[in-house]
Protein chains: 2
Amino acid sequence: MKLLCTIDFMEIKRYTDERMASTLKIQSCVLETVHRVFREEGFTQIMPVILSTTTDPLGPDPSASTIKKGEIEYLGQKLVLTQSMILHKQMALMGKLSKIFAVSPCIRLETPDRGATGRHLFEFSQVDFELGGAVMADVFGLMEEVLCEVLKDVKTKCHRDLTLLGRSLLVPTIPFKRFTTHELKEKYGDDWEASASKLAKEPFWVLCHEREFYDREDPKRPGHFLDYDLIYPEGFGEALSGGEREWEFDRLVKRITGGGKSTEEYGTYLDLAKKGKLRPSAGGGFGVERLVRFLTGAKHIKQVQLFPRVPGEEVHI
Amino acid sequence: MKLLCTIDFMEIKRYTDERMASTLKIQSCVLETVHRVFREEGFTQIMPVILSTTTDPLGPDPSASTIKKGEIEYLGQKLVLTQSMILHKQMALMGKLSKIFAVSPCIRLETPDRGATGRHLFEFSQVDFELGGAVMADVFGLMEEVLCEVLKDVKTKCHRDLTLLGRSLLVPTIPFKRFTTHELKEKYGDDWEASASKLAKEPFWVLCHEREFYDREDPKRPGHFLDYDLIYPEGFGEALSGGEREWEFDRLVKRITGGGKSTEEYGTYLDLAKKGKLRPSAGGGFGVERLVRFLTGAKHIKQVQLFPRVPGEEVHI
């Protein structure tokens with residue numbers, strides 16, 4: 001029998017390589033620590049959502065790309081694949097829980113050129129968390145604890161794996177340094193993220209990014225935003241994005257339409273806001289594979305993904 | 001502004017209800033215990049896979065249904081949504097790891113009538129695990145430990161939530177009882193699962209199901225299968241499906257074509273088998289929401305899913 005798809009030696013080798021096993025053991029250790037810290041901090045783990053009526057609008061600008069969002073039709077209803085759980089996190093906080101997290105797969109059908117950045121995948125998993133009634137400082141403290149605990153545990157429990165991968169790690173000093181986008185732009189130009197990350201020895205925060213509609217605009221300083229990125233050192237770039245959130249109907253409508261998007265995409269979400277059901281919160285999401293890439297020192301993120309999902313590269317398995 | 005989608009009072013109430021918060025706390029406790037036991041038993045947690053070239057063929061018979069499998073096109077490649085991680089679990093064992101688990105979302109676009117069974121969702125999460133070189137008895141021991149530990153922890157840590165939900169739970173006796181499909185069919189007829197589950201006070205195993213091609217046929221007794229279901233008592237039905245696996249190329253081809261399916265769907269997977277890269281294993285998968293339904297005593301599984309995904313019911317959020 002002739003098989004339509006075959007797999008070459010090099011592709012098989014990635015599955016059987018000792019480096020892959022060590023990488024996966026480090027990833028498993030990361031997940032253990034992340035679950036532990038979130039539980040110790042009183043978070044309830046909720047399940048991921050894959051198909052829904054609406055999702056985070058981020059991703060390639062539809063007008064600049066021929067790639068559509070992932071979408072299927074089921075029993076007459078159009079359902080989109082989750083790009084991030086942000087809107088569902090806000091809605092999950094409508095109830096009696098005030099601290100939630102999920103380990104959530106994200107599908108972002110990136111343009112093929114993103115495959116060369118070394119840090120983009122079209123499918124990955126994100127640890128996504130949200131705290132009702134919280135402000136930025138709450139997230140800084142929590143996330144710094146998560147990252148330091150992960151680094152300590154990986155150094156202790158995965159010592160042999162790190163040695164095999166030729167990687168040594170430092171536990172950073174708390175609190176992490178904080179900059180604003182404006183400062184870094186002035187210092188490094190438009191490519192500030194890459195430059196600042198390359199020069200840094202420890203992770204650092206960057207505040208005040210103009211991003212999607214759900215990140216809160218500072219009511220005291222319009223044009224400034226109560227959001228943040230966490231950036232890894234050594235050129236590994238963005239670790240986490242997050243922010244305080246918009247939750248009031250009028251603000252959401254203003255931000256959505258102001259960003260050139262249609263409110264039609266956010267029907268039920270906006271209806272809940274209009275009924276006063278959403279509430280203030282802050283949170284963030286960090287990619288599991290990007291964290292494992294940083295921990296293992298991998299050149300390309302596909303080296304840490306068992307079944308690689310790289311924009312522009314064929315999927316074998 | 002008029003909103004296209006609005007949400008009614010009853011639908012909002014489900015999010016803000018105390019029963020939902022208690023259910024989610026129980027679910028979070030389940031996940032904590034499951035992660036703990038699998039780690040204690042030496043398992044490495046791997047990430048779920050959502051989009052791939054091939055997936056478990058289970059689900060509605062395509063000839064009997066007008067519903068297609070979930071599928072998208074990305075950069076010229078057709079990718080299907082995971083129905084279960086079985087094939088990827090087998091491939092993940094090609095390397096140096098011999099015990100793996102994932103908490104994996106599954107998309108199964110069921111026919112709308114399945115919404116009435118009380119236990120079908122078109123999207124849910126499954127704890128999917130596989131042990132290289134293992135046999136059925138290994139899975140029985142492991143899964144009985146997992147379920148008893150979950151029951152003990154939920155009884156202890158979620159006592160107030162169980163009281164609020166009016167549910168009391170028993171920790172079953174180990175080892176669980178074992179029957180064959182043949183025995184139960186003879187006793188209860190074709191609807192044996194429902195009848196036997198309703199009458200049972202404790203979970204029990206049912207062995208020897210003719211199912212998908214990857215469940216191993218007993219080489220000594222053709223027509224008999226080295227696989228199993230775990231069934232919850234009190235009418236809650238199926239908890240887990242699993243089995244020893246087929247891994248040899250000739251056997252896989254025989255089972256796939258014998259089941260009326262085409263080998264074309266399984267290109268790389270079969271190529272790996274042909275190259276001798278797959279290996280014997282046994283494992284299983286249990287649905288998180290079905291387990292939470294059993295623990296909470298919910299009449300319909302949608303009562304335990306924060307964002308309900310019921311076949312035939314419109315998705316609001």
# chains A, B, ... in the order shown; residues from 1 in each chain; ligands from 1
>>> residues_around(residues="A:Phe122", least_positions_apart="2", cutoff="12 Å", atoms="only C-alpha atoms", output="PyMOL selection string")
(chain A and resi 59-60+67+69-70+81-83+105-115+119-120+124-125+289+301-302+305+307-315) or (chain B and resi 49-52+74-75)
>>> select_by_dssp(residues="stretch 73-264 of chain A", states="strand (DSSP E or B)", output="number ranges by chain")
A: 73-74, 77-81, 99-107, 123-132, 177-180, 204-207, 215, 217, 225, 227-232, 237-245
>>> residues_around(residues="stretch 216-224 of chain A", least_positions_apart="4", cutoff="7 Å", atoms="only C-alpha atoms", output="list in words")
Cys208, Gly243, Glu244, Arg245 and Glu246 of chain A
>>> write_last_selection(atoms="N, CA and C atoms", output="mmCIF file, in the first residue's frame")
data_model
loop_
_atom_site.group_PDB
_atom_site.id
_atom_site.type_symbol
_atom_site.label_atom_id
_atom_site.label_comp_id
_atom_site.auth_asym_id
_atom_site.auth_seq_id
_atom_site.Cartn_x
_atom_site.Cartn_y
_atom_site.Cartn_z
ATOM 1 N N CYS A 208 1.418 50.696 29.723
ATOM 2 C CA CYS A 208 0.791 51.710 28.875
ATOM 3 C C CYS A 208 1.005 51.488 27.378
ATOM 4 N N GLY A 243 -3.970 43.543 31.572
ATOM 5 C CA GLY A 243 -4.353 44.904 31.915
ATOM 6 C C GLY A 243 -5.524 44.930 32.861
ATOM 7 N N GLU A 244 -5.804 46.121 33.372
ATOM 8 C CA GLU A 244 -7.125 46.356 33.939
ATOM 9 C C GLU A 244 -8.067 46.402 32.739
ATOM 10 N N ARG A 245 -9.351 46.155 32.981
ATOM 11 C CA ARG A 245 -10.277 45.993 31.857
ATOM 12 C C ARG A 245 -11.353 47.069 31.811
ATOM 13 N N GLU A 246 -11.829 47.357 30.622
ATOM 14 C CA GLU A 246 -13.069 48.113 30.452
ATOM 15 C C GLU A 246 -14.223 47.165 30.786
#
>>> closest_atom_pairs(of="chain B", to="chain A", cutoff="8 Å", atoms="only C-alpha atoms", output="JSON lines")
{"residue": "B:Leu3", "atom": "CA", "partner": "A:Gly267", "partner_atom": "CA", "distance": 5.9}
{"residue": "B:Leu4", "atom": "CA", "partner": "A:Gly267", "partner_atom": "CA", "distance": 5.7}
{"residue": "B:Cys5", "atom": "CA", "partner": "A:Gly267", "partner_atom": "CA", "distance": 4.6}
{"residue": "B:Thr6", "atom": "CA", "partner": "A:Thr268", "partner_atom": "CA", "distance": 5.4}
{"residue": "B:Ile7", "atom": "CA", "partner": "A:Thr268", "partner_atom": "CA", "distance": 6.2}
{"residue": "B:Tyr15", "atom": "CA", "partner": "A:Gly95", "partner_atom": "CA", "distance": 5.2}
{"residue": "B:Thr16", "atom": "CA", "partner": "A:Gly95", "partner_atom": "CA", "distance": 3.8}
{"residue": "B:Asp17", "atom": "CA", "partner": "A:Gly95", "partner_atom": "CA", "distance": 6.7}
{"residue": "B:Glu18", "atom": "CA", "partner": "A:Lys96", "partner_atom": "CA", "distance": 6.6}
{"residue": "B:Ala21", "atom": "CA", "partner": "A:Lys96", "partner_atom": "CA", "distance": 5.8}
{"residue": "B:Leu24", "atom": "CA", "partner": "A:Ile46", "partner_atom": "CA", "distance": 7.0}
{"residue": "B:Lys25", "atom": "CA", "partner": "A:Thr44", "partner_atom": "CA", "distance": 6.2}
{"residue": "B:Gln27", "atom": "CA", "partner": "A:Gln45", "partner_atom": "CA", "distance": 7.7}
{"residue": "B:Ser28", "atom": "CA", "partner": "A:Gln45", "partner_atom": "CA", "distance": 5.0}
{"residue": "B:Leu31", "atom": "CA", "partner": "A:Gln45", "partner_atom": "CA", "distance": 7.7}
{"residue": "B:Glu32", "atom": "CA", "partner": "A:His35", "partner_atom": "CA", "distance": 7.8}
{"residue": "B:His35", "atom": "CA", "partner": "A:Glu32", "partner_atom": "CA", "distance": 7.8}
{"residue": "B:Thr44", "atom": "CA", "partner": "A:Ser28", "partner_atom": "CA", "distance": 5.7}
{"residue": "B:Gln45", "atom": "CA", "partner": "A:Ser28", "partner_atom": "CA", "distance": 5.0}
{"residue": "B:Ile46", "atom": "CA", "partner": "A:Ser28", "partner_atom": "CA", "distance": 6.8}
{"residue": "B:Met47", "atom": "CA", "partner": "A:Ser125", "partner_atom": "CA", "distance": 7.2}
{"residue": "B:Pro48", "atom": "CA", "partner": "A:Pro105", "partner_atom": "CA", "distance": 7.3}
{"residue": "B:Val49", "atom": "CA", "partner": "A:Phe307", "partner_atom": "CA", "distance": 7.8}
{"residue": "B:Ile50", "atom": "CA", "partner": "A:Pro105", "partner_atom": "CA", "distance": 7.4}
{"residue": "B:Leu51", "atom": "CA", "partner": "A:Glu123", "partner_atom": "CA", "distance": 7.7}
{"residue": "B:Ser52", "atom": "CA", "partner": "A:Ile317", "partner_atom": "CA", "distance": 6.1}
{"residue": "B:Thr53", "atom": "CA", "partner": "A:Ile317", "partner_atom": "CA", "distance": 5.9}
{"residue": "B:Thr54", "atom": "CA", "partner": "A:Ile317", "partner_atom": "CA", "distance": 7.1}
{"residue": "B:Ile67", "atom": "CA", "partner": "A:Tyr74", "partner_atom": "CA", "distance": 7.4}
{"residue": "B:Gly70", "atom": "CA", "partner": "A:Ile72", "partner_atom": "CA", "distance": 6.6}
{"residue": "B:Glu71", "atom": "CA", "partner": "A:Ile72", "partner_atom": "CA", "distance": 6.9}
{"residue": "B:Ile72", "atom": "CA", "partner": "A:Gly70", "partner_atom": "CA", "distance": 6.5}
{"residue": "B:Tyr74", "atom": "CA", "partner": "A:Leu109", "partner_atom": "CA", "distance": 7.1}
{"residue": "B:Leu75", "atom": "CA", "partner": "A:Gly312", "partner_atom": "CA", "distance": 7.1}
{"residue": "B:Gln77", "atom": "CA", "partner": "A:Glu314", "partner_atom": "CA", "distance": 7.5}
{"residue": "B:His88", "atom": "CA", "partner": "A:Ile317", "partner_atom": "CA", "distance": 7.7}
{"residue": "B:Ala92", "atom": "CA", "partner": "A:Tyr15", "partner_atom": "CA", "distance": 7.2}
{"residue": "B:Met94", "atom": "CA", "partner": "A:Thr16", "partner_atom": "CA", "distance": 6.1}
{"residue": "B:Gly95", "atom": "CA", "partner": "A:Thr16", "partner_atom": "CA", "distance": 3.8}
{"residue": "B:Lys96", "atom": "CA", "partner": "A:Ala21", "partner_atom": "CA", "distance": 5.8}
{"residue": "B:Leu97", "atom": "CA", "partner": "A:Ala21", "partner_atom": "CA", "distance": 6.3}
{"residue": "B:Pro105", "atom": "CA", "partner": "A:Pro48", "partner_atom": "CA", "distance": 7.3}
{"residue": "B:Leu109", "atom": "CA", "partner": "A:Tyr74", "partner_atom": "CA", "distance": 7.2}
{"residue": "B:Pro112", "atom": "CA", "partner": "A:Leu75", "partner_atom": "CA", "distance": 7.9}
{"residue": "B:Glu123", "atom": "CA", "partner": "A:Ile50", "partner_atom": "CA", "distance": 7.6}
{"residue": "B:Ser125", "atom": "CA", "partner": "A:Met47", "partner_atom": "CA", "distance": 7.2}
{"residue": "B:Glu264", "atom": "CA", "partner": "A:Leu4", "partner_atom": "CA", "distance": 6.5}
{"residue": "B:Gly267", "atom": "CA", "partner": "A:Cys5", "partner_atom": "CA", "distance": 4.6}
{"residue": "B:Thr268", "atom": "CA", "partner": "A:Cys5", "partner_atom": "CA", "distance": 5.3}
{"residue": "B:Tyr269", "atom": "CA", "partner": "A:Ile317", "partner_atom": "CA", "distance": 7.2}
{"residue": "B:Leu270", "atom": "CA", "partner": "A:Leu3", "partner_atom": "CA", "distance": 7.7}
{"residue": "B:Asp271", "atom": "CA", "partner": "A:Thr6", "partner_atom": "CA", "distance": 5.6}
{"residue": "B:Leu272", "atom": "CA", "partner": "A:Ile7", "partner_atom": "CA", "distance": 7.4}
{"residue": "B:Leu306", "atom": "CA", "partner": "A:Ala92", "partner_atom": "CA", "distance": 7.6}
{"residue": "B:Phe307", "atom": "CA", "partner": "A:Val49", "partner_atom": "CA", "distance": 7.8}
{"residue": "B:Gly312", "atom": "CA", "partner": "A:Leu75", "partner_atom": "CA", "distance": 7.0}
{"residue": "B:Glu314", "atom": "CA", "partner": "A:Gln77", "partner_atom": "CA", "distance": 7.5}
{"residue": "B:Val315", "atom": "CA", "partner": "A:Thr53", "partner_atom": "CA", "distance": 6.8}
{"residue": "B:His316", "atom": "CA", "partner": "A:Thr268", "partner_atom": "CA", "distance": 6.6}
{"residue": "B:Ile317", "atom": "CA", "partner": "A:Thr53", "partner_atom": "CA", "distance": 5.9}
>>> write_last_selection(atoms="C-alpha atoms", output="compact mmCIF listing (two decimals), in the first residue's frame")
# COMPACT_ATOMS: atom_id res chain seq x y z
CA LEU B 3 -27.85 44.88 20.04
CA LEU B 4 -28.20 41.94 17.70
CA CYS B 5 -27.85 39.33 20.43
CA THR B 6 -29.39 39.68 23.82
CA ILE B 7 -29.36 37.31 26.74
CA TYR B 15 -23.67 32.45 35.73
CA THR B 16 -24.48 34.20 38.98
CA ASP B 17 -26.02 31.24 40.77
CA GLU B 18 -24.36 29.91 43.92
CA ALA B 21 -19.90 28.60 41.84
CA LEU B 24 -16.90 25.13 39.51
CA LYS B 25 -15.12 24.82 42.85
CA GLN B 27 -14.41 20.93 39.22
CA SER B 28 -11.28 22.85 40.24
CA LEU B 31 -8.45 19.00 38.40
CA GLU B 32 -6.10 19.53 41.32
CA HIS B 35 -2.94 16.52 38.24
CA THR B 44 4.51 13.99 32.16
CA GLN B 45 1.79 16.48 31.25
CA ILE B 46 1.74 17.36 27.56
CA MET B 47 -0.22 20.13 25.86
CA PRO B 48 -3.51 19.48 24.07
CA VAL B 49 -3.70 19.53 20.29
CA ILE B 50 -6.64 21.30 18.65
CA LEU B 51 -5.89 21.40 14.92
CA SER B 52 -4.19 18.56 13.07
CA THR B 53 -4.17 16.54 9.87
CA THR B 54 -6.02 13.66 11.49
CA ILE B 67 -22.99 17.28 10.07
CA GLY B 70 -15.06 20.39 12.54
CA GLU B 71 -12.54 21.45 9.94
CA ILE B 72 -10.83 24.60 8.72
CA TYR B 74 -5.23 27.33 6.77
CA LEU B 75 -2.64 28.25 4.15
CA GLN B 77 -3.95 22.77 4.33
CA HIS B 88 -1.38 11.95 19.15
CA ALA B 92 3.88 11.14 21.73
CA MET B 94 7.53 7.34 20.22
CA GLY B 95 10.12 9.24 22.24
CA LYS B 96 11.72 8.84 25.65
CA LEU B 97 8.58 9.44 27.69
CA PRO B 105 -10.54 19.96 24.78
CA LEU B 109 -20.16 17.93 16.43
CA PRO B 112 -28.93 17.72 17.75
CA GLU B 123 -17.29 20.63 23.26
CA SER B 125 -12.50 18.57 28.15
CA GLU B 264 -5.89 7.99 3.50
CA GLY B 267 -1.22 9.17 6.39
CA THR B 268 1.58 10.13 8.76
CA TYR B 269 0.26 8.00 11.61
CA LEU B 270 0.33 4.91 9.41
CA ASP B 271 3.71 5.87 7.98
CA LEU B 272 5.11 5.94 11.50
CA LEU B 306 -20.07 27.39 32.66
CA PHE B 307 -20.41 28.15 28.94
CA GLY B 312 -28.96 21.43 19.22
CA GLU B 314 -27.82 27.84 20.48
CA VAL B 315 -24.50 29.11 21.81
CA HIS B 316 -25.02 32.47 23.57
CA ILE B 317 -21.51 33.24 24.76
>>> residues_around(residues="B:Val34", least_positions_apart="4", cutoff="8 Å", atoms="only C-alpha atoms", output="VMD selection string")
chain B and resid 30 38 146 150
>>> closest_residue(among="B:Ser197, B:Thr33, B:Ser84, B:Gln90", to="B:Gly237", atoms="only C-alpha atoms")
B:Ser197
>>> closest_residue(among="B:Leu199, B:Leu278, B:Val37, B:Met85", to="B:Met143", atoms="only C-alpha atoms")
B:Val37
>>> atom_distance(atom1="atom CA of A:Glu11", atom2="atom CA of A:Leu121")
17.4 Å
